[in-house]
Each structure stands twice: as C-alpha cells, then as structure tokens.
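Student: structure.cif is reproduced in full below (mmCIF, C-alpha atoms).
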data_entry
#
loop_
_atom_site.label_atom_id
_atom_site.label_comp_id
_atom_site.auth_asym_id
_atom_site.auth_seq_id
_atom_site.Cartn_x
_atom_site.Cartn_y
_atom_site.Cartn_z
CA MET A 155 -22.93 2.13 12.17
CA PRO A 156 -25.18 3.60 9.44
CA SER A 157 -23.08 6.74 8.96
CA SER A 158 -20.04 4.56 8.30
CA ASN A 159 -21.85 2.69 5.56
CA LYS A 160 -23.01 5.92 3.96
CA GLN A 161 -19.48 7.25 3.99
CA ALA A 162 -18.19 3.97 2.63
CA LEU A 163 -20.62 4.17 -0.26
CA SER A 164 -19.77 7.74 -1.09
CA SER A 165 -16.02 7.18 -1.03
CA PRO A 166 -14.73 6.13 -4.48
CA SER A 167 -11.77 4.26 -3.00
CA ARG A 168 -14.18 2.01 -1.12
CA LEU A 169 -16.06 0.93 -4.18
CA LYS A 170 -13.23 -1.21 -5.39
CA SER A 171 -13.44 -3.55 -2.42
CA SER A 172 -16.22 -5.40 -0.78
CA GLY A 173 -16.57 -7.55 2.32
CA VAL A 174 -15.28 -7.02 5.85
CA ARG A 175 -12.09 -5.03 5.88
CA PRO A 176 -9.78 -5.59 8.85
CA LYS A 177 -9.50 -1.87 9.61
CA LEU A 178 -8.31 -2.43 13.15
CA TRP A 179 -5.30 -4.38 11.96
CA ILE A 180 -4.49 -1.72 9.38
CA PHE A 181 -4.67 0.93 12.09
CA ILE A 182 -2.49 -1.14 14.43
CA ALA A 183 0.08 -1.79 11.70
CA LEU A 184 0.23 1.88 10.66
CA PHE A 185 0.28 3.08 14.27
CA THR A 186 3.08 0.67 15.23
CA ALA A 187 5.13 1.53 12.16
CA SER A 188 4.68 5.27 12.77
CA CYS A 189 5.65 4.89 16.43
CA ILE A 190 8.77 2.89 15.65
CA GLY A 191 9.74 5.35 12.92
CA GLY A 192 9.07 8.32 15.19
CA PHE A 193 11.06 6.99 18.12
CA ALA A 194 13.88 5.89 15.83
CA LEU A 195 13.99 9.41 14.42
CA LEU A 196 13.88 10.90 17.92
CA LEU A 197 16.98 8.91 18.91
CA SER A 198 18.86 9.49 15.68
CA PRO A 199 21.92 11.76 15.81
CA LEU A 200 20.48 13.86 12.98
CA VAL A 201 17.50 15.01 15.03
CA SER A 202 19.20 15.24 18.44
CA PRO A 203 20.37 18.88 18.04
CA ALA A 204 16.85 19.97 17.04
CA VAL A 205 15.34 18.10 20.01
CA LEU A 206 17.82 19.75 22.38
CA LYS A 207 17.02 23.15 20.90
CA PHE A 208 13.31 22.45 21.32
CA SER A 209 13.81 21.39 24.96
CA ARG A 210 15.77 24.59 25.63
CA SER A 211 13.02 26.71 24.15
CA LEU A 212 10.45 24.95 26.37
CA VAL A 213 12.59 25.63 29.46
CA GLU A 214 13.04 29.24 28.38
CA PHE A 215 9.29 29.62 27.95
CA SER A 216 8.73 28.01 31.38
CA GLY A 217 11.19 30.51 32.88
CA ILE A 218 9.36 33.43 31.26
CA LEU A 219 6.02 32.07 32.50
CA ILE A 220 7.30 31.68 36.07
CA GLY A 221 8.79 35.16 35.95
CA ALA A 222 5.49 36.61 34.70
CA CYS A 223 3.74 34.99 37.66
CA GLY A 224 6.20 36.53 40.10
CA GLY A 225 8.56 33.57 40.57
CA HIS A 226 12.35 33.67 40.42
CA VAL A 227 14.23 31.11 38.38
CA ARG A 228 17.38 31.00 36.30
CA VAL A 229 17.35 29.37 32.87
CA GLU A 230 20.61 27.64 31.89
CA GLY A 231 20.06 25.99 28.53
CA ALA A 232 17.76 23.03 29.16
CA VAL A 233 18.09 23.49 32.94
CA LEU A 234 15.73 25.43 35.19
CA ARG A 235 17.43 26.48 38.44
CA ASP A 236 16.20 27.99 41.67
CA PRO A 237 18.61 30.86 42.40
CA PHE A 238 18.19 30.57 46.18
CA THR A 239 18.54 26.82 46.84
CA GLY A 240 20.44 25.83 43.69
CA PHE A 241 17.87 23.09 42.99
CA ALA A 242 17.60 22.44 39.28
CA VAL A 243 15.65 20.29 36.86
CA GLU A 244 16.80 19.46 33.37
CA MET A 245 14.41 18.84 30.50
CA LYS A 246 15.59 15.67 28.80
CA ASP A 247 14.19 13.58 25.95
CA GLY A 248 11.30 12.05 27.88
CA CYS A 249 10.43 15.33 29.61
CA ASN A 250 9.79 17.42 26.51
CA ALA A 251 6.60 15.53 25.62
CA ALA A 252 8.24 14.24 22.45
CA ASN A 253 7.14 10.70 23.34
CA VAL A 254 3.46 11.51 23.67
CA THR A 255 3.59 13.78 20.62
CA ILE A 256 4.92 10.86 18.58
CA LEU A 257 2.12 8.68 19.95
CA LEU A 258 -0.55 11.25 19.13
CA TRP A 259 0.82 11.89 15.66
CA SER A 260 1.09 8.15 14.98
CA ALA A 261 -2.50 7.56 16.10
CA MET A 262 -3.87 10.48 14.06
CA LEU A 263 -1.88 9.60 10.96
CA ALA A 264 -2.92 5.95 11.19
CA PHE A 265 -6.58 6.77 11.72
CA PRO A 266 -8.74 6.88 8.59
CA ALA A 267 -9.61 10.57 8.24
CA PRO A 268 -9.29 13.35 5.66
CA TRP A 269 -5.83 14.90 5.55
CA ARG A 270 -7.15 18.35 6.39
CA MET A 271 -8.68 17.02 9.61
CA LYS A 272 -5.47 15.19 10.37
CA ALA A 273 -3.47 18.40 9.98
CA VAL A 274 -5.86 20.30 12.26
CA GLY A 275 -5.71 17.49 14.82
CA LEU A 276 -1.94 17.26 14.76
CA LEU A 277 -1.55 21.00 15.27
CA ALA A 278 -4.23 21.49 17.92
CA GLY A 279 -3.40 18.24 19.74
CA SER A 280 0.31 19.06 19.88
CA LEU A 281 -0.44 22.52 21.26
CA VAL A 282 -2.67 21.09 24.01
CA ILE A 283 -0.15 18.41 24.96
CA HIS A 284 2.74 20.86 25.13
CA ALA A 285 0.69 23.31 27.18
CA ILE A 286 -0.01 20.48 29.66
CA ASN A 287 3.65 19.52 29.57
CA ILE A 288 4.74 23.06 30.45
CA ALA A 289 2.39 22.91 33.46
CA ARG A 290 3.86 19.51 34.33
CA PHE A 291 7.45 20.79 34.09
CA ILE A 292 6.78 23.85 36.24
CA SER A 293 4.85 21.82 38.84
CA LEU A 294 7.68 19.28 39.01
CA PHE A 295 10.19 22.07 39.52
CA TYR A 296 8.27 23.41 42.52
CA LEU A 297 7.57 19.90 43.83
CA GLY A 298 11.27 19.11 43.68
CA LEU A 299 12.03 22.15 45.79
CA TYR A 300 10.08 20.62 48.66
CA SER A 301 10.51 16.85 48.41
CA ALA A 302 12.86 14.69 46.38
CA THR A 303 10.68 11.60 46.99
CA LEU A 304 7.52 13.32 45.80
CA PHE A 305 9.42 14.66 42.80
CA GLU A 306 10.60 11.16 41.89
CA PHE A 307 7.09 9.72 42.20
CA ALA A 308 5.39 12.53 40.29
CA HIS A 309 8.11 12.76 37.65
CA ALA A 310 8.58 9.09 36.81
CA TYR A 311 5.08 7.76 37.30
CA LEU A 312 2.17 10.09 38.00
CA TRP A 313 2.72 12.90 35.53
CA GLU A 314 3.97 10.54 32.82
CA SER A 315 0.81 8.44 33.08
CA MET A 316 -1.36 11.56 33.23
CA LEU A 317 0.24 12.87 30.07
CA VAL A 318 -0.49 9.63 28.20
CA LEU A 319 -4.07 9.77 29.54
CA ASP A 320 -4.41 13.37 28.33
CA THR A 321 -3.00 12.40 24.95
CA MET A 322 -5.56 9.64 24.66
CA VAL A 323 -8.38 12.04 25.55
CA VAL A 324 -7.11 14.56 22.99
CA PHE A 325 -7.18 11.81 20.36
CA TRP A 326 -10.65 10.71 21.47
CA LEU A 327 -11.96 14.29 21.24
CA TRP A 328 -10.49 14.60 17.77
CA VAL A 329 -12.18 11.36 16.68
CA ASN A 330 -15.43 12.59 18.23
CA ARG A 331 -15.15 15.83 16.27
CA LEU A 332 -14.52 13.83 13.11
CA SER A 333 -17.68 11.82 13.65
CA ARG A 334 -19.71 14.99 14.26
CA THR A 335 -18.46 16.52 11.02
CA SER A 336 -19.21 13.23 9.20
CA ALA A 337 -15.60 12.89 8.18
CA LEU A 338 -15.37 9.49 9.80
CA PRO A 339 -13.95 7.02 9.06
CA ASN A 340 -13.27 5.81 5.53
CA ALA A 341 -10.77 8.23 4.12
CA ALA A 342 -7.60 6.21 4.63
CA MET B 154 -15.61 19.61 25.55
CA PRO B 155 -19.35 19.18 26.32
CA PRO B 156 -20.10 19.03 30.06
CA ASP B 157 -21.50 15.49 30.01
CA SER B 158 -19.23 14.03 27.36
CA PRO B 159 -17.69 10.56 27.88
CA GLN B 160 -14.27 12.10 27.24
CA LYS B 161 -14.67 14.55 30.11
CA ARG B 162 -15.94 11.80 32.40
CA PHE B 163 -13.04 9.57 31.45
CA LEU B 164 -10.50 12.37 31.90
CA ILE B 165 -11.72 13.32 35.37
CA LEU B 166 -12.37 9.80 36.66
CA GLY B 167 -9.21 8.45 35.06
CA SER B 168 -7.06 11.21 36.57
CA LEU B 169 -8.54 10.68 40.04
CA LEU B 170 -8.12 6.92 39.82
CA LEU B 171 -4.57 7.32 38.53
CA VAL B 172 -3.68 9.48 41.53
CA PHE B 173 -5.36 7.14 44.01
CA LEU B 174 -4.06 3.88 42.55
CA LEU B 175 -0.53 5.13 41.91
CA VAL B 176 -0.27 6.52 45.46
CA SER B 177 -1.58 3.17 46.77
CA TRP B 178 0.94 1.37 44.60
CA TRP B 179 3.80 3.60 45.73
CA PHE B 180 3.10 3.10 49.42
CA VAL B 181 1.47 -0.34 49.64
CA LEU B 182 1.43 -2.40 46.47
CA SER B 183 4.95 -1.93 45.15
CA ASN B 184 6.53 -4.49 47.50
CA PRO B 185 4.08 -7.36 46.81
CA LEU B 186 4.22 -6.59 43.09
CA LEU B 187 8.01 -6.59 43.25
CA VAL B 188 7.90 -10.10 44.76
CA LEU B 189 5.50 -11.13 41.98
CA LEU B 190 7.80 -9.65 39.34
CA ARG B 191 10.79 -11.50 40.77
CA VAL B 192 8.98 -14.86 40.78
CA SER B 193 7.54 -14.37 37.28
CA ALA B 194 10.90 -13.15 35.95
CA GLU B 195 12.63 -16.28 37.25
CA ILE B 196 9.93 -18.48 35.70
CA GLY B 197 10.15 -16.56 32.41
CA TRP B 198 13.93 -16.78 32.53
CA ASP B 199 13.72 -20.60 32.78
CA LEU B 200 11.02 -20.77 30.11
CA PHE B 201 13.26 -18.95 27.64
CA GLY B 202 15.85 -21.68 28.11
CA ASN B 203 18.27 -19.94 30.41
CA ASN B 204 19.40 -22.81 32.61
CA SER B 205 22.44 -20.99 33.92
CA GLY B 206 21.07 -20.54 37.43
CA ARG B 207 19.02 -17.79 38.99
CA LEU B 208 18.65 -14.43 37.30
CA ILE B 209 18.02 -12.34 40.40
CA SER B 210 19.57 -12.32 43.84
CA GLU B 211 19.03 -9.66 46.46
CA THR B 212 21.91 -7.59 47.83
CA PRO B 213 22.14 -6.76 51.56
CA ALA B 214 20.94 -3.24 50.71
CA GLY B 215 17.74 -4.68 49.19
CA ASP B 216 18.74 -3.96 45.59
CA TRP B 217 18.63 -6.62 42.90
CA SER B 218 21.76 -8.23 41.53
CA LEU B 219 21.27 -9.72 38.06
CA ARG B 220 23.42 -12.39 36.40
CA VAL B 221 22.87 -12.56 32.65
CA PRO B 222 24.76 -14.98 30.37
CA VAL B 223 26.55 -12.99 27.65
CA ARG B 224 29.51 -14.46 25.79
CA PHE B 225 32.16 -12.04 24.65
CA THR B 226 35.91 -11.54 24.78
CA ILE B 227 37.73 -8.66 26.37
CA PRO B 228 40.61 -7.93 24.00
CA ALA B 229 44.23 -7.82 25.12
CA SER B 230 45.47 -4.49 26.43
CA PRO B 231 48.69 -3.10 27.92
CA GLN B 232 47.29 -3.85 31.40
CA GLN B 233 46.11 -7.32 30.39
CA PRO B 234 48.29 -9.07 27.80
CA GLU B 235 45.89 -11.98 27.19
CA PRO B 236 42.27 -11.69 25.96
CA VAL B 237 39.71 -12.78 28.53
CA LYS B 238 36.59 -14.80 27.70
CA ILE B 239 33.48 -13.73 29.59
CA HIS B 240 30.46 -16.00 29.98
CA SER B 241 28.11 -13.85 32.04
CA VAL B 242 27.67 -10.32 33.30
CA ASP B 243 26.67 -9.40 36.85
CA PHE B 244 25.20 -5.99 37.59
CA ASP B 245 23.08 -4.41 40.30
CA ILE B 246 19.92 -2.39 39.80
CA GLY B 247 18.36 -0.23 42.47
CA ARG B 248 15.02 -1.17 43.97
CA THR B 249 13.50 1.99 42.50
CA GLN B 250 14.59 0.87 39.03
CA ALA B 251 13.07 -2.58 39.47
CA VAL B 252 9.83 -1.17 40.85
CA ALA B 253 9.34 0.73 37.58
CA PHE B 254 8.46 -2.63 36.00
CA THR B 255 5.42 -3.01 38.25
CA PHE B 256 3.67 0.34 37.82
CA SER B 257 1.80 -0.48 34.61
CA LEU B 258 -0.68 -2.58 36.58
CA PRO B 259 -2.20 0.28 38.64
CA VAL B 260 -2.24 2.42 35.50
CA TYR B 261 -4.17 -0.31 33.70
CA TRP B 262 -6.63 -0.65 36.58
CA ALA B 263 -7.23 3.11 36.57
CA ILE B 264 -7.99 3.15 32.85
CA ILE B 265 -10.31 0.16 32.93
CA LEU B 266 -12.19 1.40 35.99
CA ALA B 267 -12.59 4.83 34.38
CA ALA B 268 -13.89 3.30 31.15
CA PRO B 269 -17.63 3.50 30.53
CA ASN B 270 -20.00 0.82 31.82
CA VAL B 271 -18.28 -0.44 34.98
CA ARG B 272 -20.30 -3.68 35.03
CA ARG B 273 -18.69 -4.81 31.80
CA ASN B 274 -15.21 -3.93 33.03
CA LEU B 275 -14.59 -6.94 35.25
CA ARG B 276 -13.58 -9.38 32.52
CA PRO B 277 -11.13 -7.00 30.82
CA LEU B 278 -9.91 -6.01 34.29
CA ALA B 279 -8.98 -9.60 35.18
CA LEU B 280 -7.74 -10.62 31.74
CA GLY B 281 -5.85 -7.39 31.18
CA SER B 282 -4.14 -7.61 34.57
CA VAL B 283 -2.69 -10.96 33.55
CA VAL B 284 -1.64 -9.59 30.15
CA VAL B 285 -0.01 -6.50 31.72
CA ALA B 286 1.77 -8.64 34.33
CA ILE B 287 3.16 -10.92 31.60
CA LEU B 288 4.20 -7.91 29.53
CA GLU B 289 5.96 -6.31 32.50
CA THR B 290 7.86 -9.55 33.11
CA MET B 291 8.92 -9.68 29.47
CA LEU B 292 9.97 -6.02 29.58
CA PHE B 293 12.05 -6.71 32.68
CA LEU B 294 13.75 -9.68 30.98
CA ALA B 295 14.39 -7.54 27.90
CA PHE B 296 15.79 -4.82 30.16
CA ALA B 297 18.15 -7.36 31.78
CA GLU B 298 19.35 -8.64 28.39
CA ILE B 299 19.85 -5.16 26.93
CA SER B 300 21.66 -3.93 30.06
CA ALA B 301 23.98 -6.97 29.96
CA HIS B 302 24.74 -6.35 26.30
CA ASN B 303 25.40 -2.69 27.07
CA VAL B 304 27.95 -3.77 29.71
CA ALA B 305 29.49 -6.15 27.18
CA ALA B 306 29.65 -3.35 24.61
CA GLN B 307 31.59 -1.17 27.05
CA TRP B 308 34.13 -3.93 27.72
CA SER B 309 34.42 -5.19 24.20
CA PRO B 310 33.49 -2.28 21.92
CA GLN B 311 34.59 -3.83 18.62
CA THR B 312 32.19 -6.77 18.88
CA LEU B 313 29.00 -4.80 19.36
CA ASP B 314 29.67 -1.50 17.61
CA SER B 315 27.09 -2.07 14.89
CA SER B 316 24.29 -2.88 17.32
CA ASP B 317 25.03 0.02 19.65
CA TRP B 318 22.20 2.18 18.30
CA PHE B 319 19.73 -0.71 18.41
CA LEU B 320 20.64 -1.37 22.04
CA ARG B 321 19.96 2.28 22.84
CA PHE B 322 16.72 2.22 20.89
CA GLY B 323 15.57 -1.01 22.56
CA TYR B 324 16.46 0.31 26.00
CA TYR B 325 14.53 3.53 25.33
CA LEU B 326 11.41 1.64 24.25
CA VAL B 327 11.59 -0.88 27.11
CA VAL B 328 12.17 1.72 29.84
CA ASN B 329 10.61 4.97 28.59
CA VAL B 330 7.81 4.10 26.21
CA ILE B 331 6.19 0.66 26.47
CA PRO B 332 5.50 0.61 30.26
CA TYR B 333 3.58 3.90 29.92
CA VAL B 334 1.72 3.20 26.70
CA ALA B 335 0.96 -0.52 26.96
CA PRO B 336 -1.75 -0.26 29.68
CA PHE B 337 -3.74 2.15 27.49
CA LEU B 338 -3.44 0.03 24.36
CA ILE B 339 -4.27 -3.19 26.22
CA ALA B 340 -7.32 -1.52 27.79
CA LEU B 341 -8.54 -0.33 24.39
CA GLY B 342 -7.92 -3.76 22.90
CA LEU B 343 -9.61 -5.81 25.60
CA HIS B 344 -12.52 -3.52 26.48
CA ARG B 345 -14.54 -3.74 23.28
CA GLU B 346 -17.08 -1.06 24.19
CA PHE B 347 -14.37 1.40 25.24
CA GLY B 348 -12.28 0.59 22.18
CA GLY B 349 -15.36 1.04 20.00
CA GLN B 350 -15.95 4.51 21.47
CA VAL B 351 -12.39 5.71 21.00
CA PHE B 352 -11.99 4.08 17.58
CA PRO B 353 -15.46 4.19 16.02
CA GLY B 354 -15.50 2.52 12.63
CA VAL B 355 -12.04 1.10 13.19
CA HIS B 356 -12.47 -1.09 16.24
CA SER B 357 -15.70 -2.63 14.93
CA LYS B 358 -15.94 -4.42 11.63
CA THR B 359 -17.56 -2.32 8.92
CA VAL B 360 -19.14 -3.97 5.93
CA VAL B 361 -18.41 -2.17 2.69
CA VAL B 362 -21.18 -2.50 0.11
CA PRO B 363 -20.58 -2.00 -3.60
CA SER B 364 -22.31 1.12 -4.94
CA HIS B 365 -24.72 -0.69 -7.30
CA LEU B 366 -26.38 -2.60 -4.47
CA PRO B 367 -29.32 -1.06 -2.60
CA VAL B 368 -28.71 0.01 0.97
CA HIS B 369 -30.94 -1.59 3.61
CA SER B 370 -31.08 -0.32 7.13
CA ASN B 371 -30.40 -2.84 9.90
CA ASN B 372 -32.32 -0.77 12.39
CA LYS B 373 -35.22 -2.95 13.53
CA ARG B 374 -37.19 0.00 14.82
CA CYS B 375 -37.35 1.51 11.36
CA PRO B 376 -38.09 -1.38 8.96
CA GLN B 377 -37.88 -0.58 5.24
#
Translate the structure described by the file into structure tokens.

Tutor:
Amino acid sequence: MPSSNKQALSSPSRLKSSGVRPKLWIFIALFTASCIGGFALLLSPLVSPAVLKFSRSLVEFSGILIGACGGHVRVEGAVLRDPFTGFAVEMKDGCNAANVTILLWSAMLAFPAPWRMKAVGLLAGSLVIHAINIARFISLFYLGLYSATLFEFAHAYLWESMLVLDTMVVFWLWVNRLSRTSALPNAA
Amino acid sequence: MPPDSPQKRFLILGSLLLVFLLVSWWFVLSNPLLVLLRVSAEIGWDLFGNNSGRLISETPAGDWSLRVPVRFTIPASPQQPEPVKIHSVDFDIGRTQAVAFTFSLPVYWAIILAAPNVRRNLRPLALGSVVVAILETMLFLAFAEISAHNVAAQWSPQTLDSSDWFLRFGYYLVVNVIPYVAPFLIALGLHREFGGQVFPGVHSKTVVVPSHLPVHSNNKRCPQ
C-alpha cells in the first residue's frame, strides 16, 4: 500500500527499524492483553459497584425514553418492570454492553493510530454502541412481554451477535476514517 | 456512512444473514449440531487423557448429565464426622445451556457469507467451520471442567479459595465472551481479503524502508 510506505517514511519511530514488521502479531498480542485486562477489571470487586451504577443509569434512561414515547414502565434499580403484567428484565453484566465496549476499546487501543484519533474513536464508538444497546434492551423488554421463547432466543443469541457485528462495523468505519485522513497506520 | 460503502453492505447483509441463519439454527440445526458437539466432546475428552468413562449421558428429560473427574475432600462436619474423598462430580445441564455451544457456527457462516467477494469465501467457509467446531468443543470441555471445579469449591471451600476468582473469570470468558467474539476473529483471520479491508496496513505485511533510500513505486502501470 503506497500510502503506508509514505507514512512509514515520515514517521521517525519507523526509521529505526527496517524489514517486514509482524504488525498483525503485535495487534493480536495488544488486543488480547487489553481484552483480558478489561474483562478482569470488569469482574473485579473494585469495579463492580461502578458497573452496577452504570447499569442502573442505563435502565433509568431506558425508562425515561419509553415514557417519552408514551409507554408505561417502572424502574427499580437495574430492573425494568411492566406495571400491568409484572414482567421485568434486569440489566446484568453482559446486558450493559460492557463486553463489546471492552472489545472495541481493545481493538482501537491496539490498532496503530494517533492517540487523538483513538480518543475520538473510543468516545464516538462507545456512544454508538450504547445507543444500539439501549434499543436492544427496550426491544427485549417488549419482546419478553409477548413470548418467553422469543425473548430467550433474541436475548442470548440474536441481539448479542448483532451487537458484536455492529461493534466490528464501528471499528471498521473508524479504520476507514483513519485511512481517509492519512493517519493510518504507523503511529503505534 | 457512504451509501455504497463496504461497511454498509456488510452491516446490512451480515444482519440479514445473522437473522436467517440463527433462526434456521434455532429451529432446525440445533439438534444435529448438538449431536455433533456430543460426539466431538467425547472424542476430545478421550484425547485429553480422560479415560474415566463417558463425559456425557442423557437424562430422561433430554438434558445432559456430565461426569467430570475432580479429586477433593469434603472436610469433617457435625453432620459428617469423617472427611469424604470425592473422585468425580456429576451435574446436569439443561439442553438450552448445551445448545449455546453450537451457535457460533451459524454466526461464523453469516459473517463469511456477508464478507466481500463471495467466490473467495468458500475456502475460509469450510476451513473456518472446522476451526469454529473445534473451538466450540474445547469451550464445552472447559465449561465442564470449570463447572466441576465450581461444584468442588462449594463442597470444599478451603481447597479452592485462592482460585475462586479465576474460576469465575474463566467461566465468564467461556460462556459470555469467546462464543460471541471468536467467529468474528476467525473470519477476519482466515479471510485474507476481508481481514485486509478491516485491518489495512496491519493484516498485510508492510515493508519499512530506511529514510536514506529512494522510494520506488511498485505500481506497474506507472513505471518510474
């Protein structure tokens, strides 16, 4: 890729080395390490209260959004309840999009790009993913009102896979934007 | 997002294929894949040197009953004056829990089929299906081991206290993270063109030239 070579030549850090650099392996190593660190942090007792607080705020926001659209729900901490049927869904660790956020952050941090672009990507990407996750949470709530089987399928498999797919597309768009602004890819 | 961008195409096609293939899996493919998982898990179980008999047996309700060798001692208690040595743990898992270790395959198929250049997708489709199936089997075996150790930790807390967090961490990765993420990573790894699009400059090897050397273009249409 000619643009890569140009960037490599203009980057002072690149001038010290020559030959084929196994960038893919560096990315994989950094990505894996970031993921393991992120998930370890997510499950650590130190972070748990903050994660719970975050989940509660997402449920509260979902409740406000449903109310603004004319729906009726009751918010009980991290639980969204239908006041008429009593059906409720709780936002737990896997439901608050923390997993995919860790994946996106790990991928962006491991990818060779300027730190400013990384910061923009982390912020914008997280916002997009959490907006999709709010839509997912609300849709699951209404799906669960009608069918427990459909809820199980959509909750455990379909929406989870969709969210990872969306995360990958967000990352891909970010990389595409990097390449258009010529910030790709030798800034690691 | 530009209207004809590969990202948009992948998002739309991938989402549609995910819906179609996961619905097909849920209604049609889950049972055959469950049989495949059971056979491969038994083979894997033997390969890893567990000669203590079969890992899986089916309960009358159709659930799976697992027998995993775990050696630990239940300490003496007021109800049980003598410590008891345990050699294996038996526990049941619901069919819905077992079926979760088969769903990465349709997800992988959806990603590969949505990737650009369908004609070049057949090799990664076949190869990746085998890789995903092997990975799912290994995840299931890891799930069985971790679950057995969790049971042991409940019965004999003092022996496994230090590894309690690691068991939880391992269980979380095996059940909540790897089955969802692995199909995407395997697809990006095996489909070179797709991987090259998502990771330009990272997936392909880039030659770094020292600054004092002249730069020559490799583009044959524009010779220097």

Student: Which is closer to chain B than all the others in A:Phe193, A:Phe305, A:Phe238, A:Trp259, using all atoms listed in the file?

Tutor: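 Ranked by minimum distance to chain B, first place goes to A:Phe193.
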
Student: What separation in Å, quoted to one decimal, exists between atom CA of Thr249 of chain B and atom CA of Val181 of chain B?

Tutor: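 These two atoms are separated by 14.2 Å.
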
Student: Please identify all polymer residues within 8 Å of Leu266 of chain B, counting only C-alpha atoms, omitting same-chain residues fewer than 5 positions from it, and present them as number ranges by chain.

Tutor: B: 167, 170, 271, 274, 278

Student: On this structure, which residues satisfy the PyMOL selection byres ((chain B and resi 226) around 6), written as a list in words?

Tutor: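 Checked against the file, the PyMOL selection byres ((chain B and resi 226) around 6) matches Phe225, Ile227, Pro228, Val237, Lys238 and Ile239 of chain B.
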
Student: With C-alpha atoms retained, could you export that selection as a short mmCIF file (atom, residue, chain, number, x, y, z; two decimals), in the frame of the given file?

Tutor:
data_model
loop_
_atom_site.label_atom_id
_atom_site.label_comp_id
_atom_site.auth_asym_id
_atom_site.auth_seq_id
_atom_site.Cartn_x
_atom_site.Cartn_y
_atom_site.Cartn_z
CA PHE B 225 32.16 -12.04 24.65
CA ILE B 227 37.73 -8.66 26.37
CA PRO B 228 40.61 -7.93 24.00
CA VAL B 237 39.71 -12.78 28.53
CA LYS B 238 36.59 -14.80 27.70
CA ILE B 239 33.48 -13.73 29.59
#

Student: Which residues, written as a list in words, have at least one atom at most 10 Å from Tyr296 of chain A, with only C-alpha atoms counted and residues fewer than 5 positions away on the same chain left out?

Tutor: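 The filter keeps Asp236, Phe241, Ala242, Val243, Phe291, Ser301 and Phe305 of chain A.
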
Student: Complete segment 179-199 of chain B with N, CA and C atoms (output as a short mmCIF file (atom, residue, chain, number, x, y, z; two decimals), in the frame of the given file).

Tutor:
data_model
loop_
_atom_site.label_atom_id
_atom_site.label_comp_id
_atom_site.auth_asym_id
_atom_site.auth_seq_id
_atom_site.Cartn_x
_atom_site.Cartn_y
_atom_site.Cartn_z
N TRP B 179 2.51 3.08 45.25
CA TRP B 179 3.80 3.60 45.73
C TRP B 179 4.02 3.23 47.20
N PHE B 180 2.95 3.33 47.98
CA PHE B 180 3.10 3.10 49.42
C PHE B 180 2.81 1.66 49.86
N VAL B 181 1.92 0.97 49.17
CA VAL B 181 1.47 -0.34 49.64
C VAL B 181 1.78 -1.48 48.67
N LEU B 182 1.42 -1.28 47.41
CA LEU B 182 1.43 -2.40 46.47
C LEU B 182 2.78 -2.70 45.83
N SER B 183 3.70 -1.73 45.90
CA SER B 183 4.95 -1.93 45.15
C SER B 183 5.75 -3.13 45.65
N ASN B 184 5.76 -3.36 46.97
CA ASN B 184 6.53 -4.49 47.50
C ASN B 184 5.95 -5.85 47.09
N PRO B 185 4.63 -6.08 47.29
CA PRO B 185 4.08 -7.36 46.81
C PRO B 185 4.24 -7.55 45.30
N LEU B 186 4.08 -6.46 44.55
CA LEU B 186 4.22 -6.59 43.09
C LEU B 186 5.67 -6.86 42.69
N LEU B 187 6.59 -6.34 43.50
CA LEU B 187 8.01 -6.59 43.25
C LEU B 187 8.33 -8.07 43.46
N VAL B 188 7.73 -8.66 44.49
CA VAL B 188 7.90 -10.10 44.76
C VAL B 188 7.33 -10.90 43.58
N LEU B 189 6.14 -10.48 43.13
CA LEU B 189 5.50 -11.13 41.98
C LEU B 189 6.36 -11.03 40.73
N LEU B 190 6.94 -9.86 40.51
CA LEU B 190 7.80 -9.65 39.34
C LEU B 190 9.02 -10.57 39.41
N ARG B 191 9.59 -10.67 40.62
CA ARG B 191 10.79 -11.50 40.77
C ARG B 191 10.48 -12.97 40.46
N VAL B 192 9.37 -13.46 41.01
CA VAL B 192 8.98 -14.86 40.78
C VAL B 192 8.70 -15.09 39.29
N SER B 193 7.90 -14.18 38.70
CA SER B 193 7.54 -14.37 37.28
C SER B 193 8.76 -14.21 36.37
N ALA B 194 9.69 -13.33 36.76
CA ALA B 194 10.90 -13.15 35.95
C ALA B 194 11.75 -14.41 35.98
N GLU B 195 11.86 -15.03 37.14
CA GLU B 195 12.63 -16.28 37.25
C GLU B 195 11.98 -17.39 36.42
N ILE B 196 10.64 -17.46 36.49
CA ILE B 196 9.93 -18.48 35.70
C ILE B 196 10.13 -18.20 34.20
N GLY B 197 9.96 -16.94 33.82
CA GLY B 197 10.15 -16.56 32.41
C GLY B 197 11.57 -16.84 31.95
N TRP B 198 12.50 -16.56 32.82
CA TRP B 198 13.93 -16.78 32.53
C TRP B 198 14.18 -18.26 32.21
N ASP B 199 13.57 -19.15 33.01
CA ASP B 199 13.72 -20.60 32.78
C ASP B 199 12.99 -21.02 31.50
#
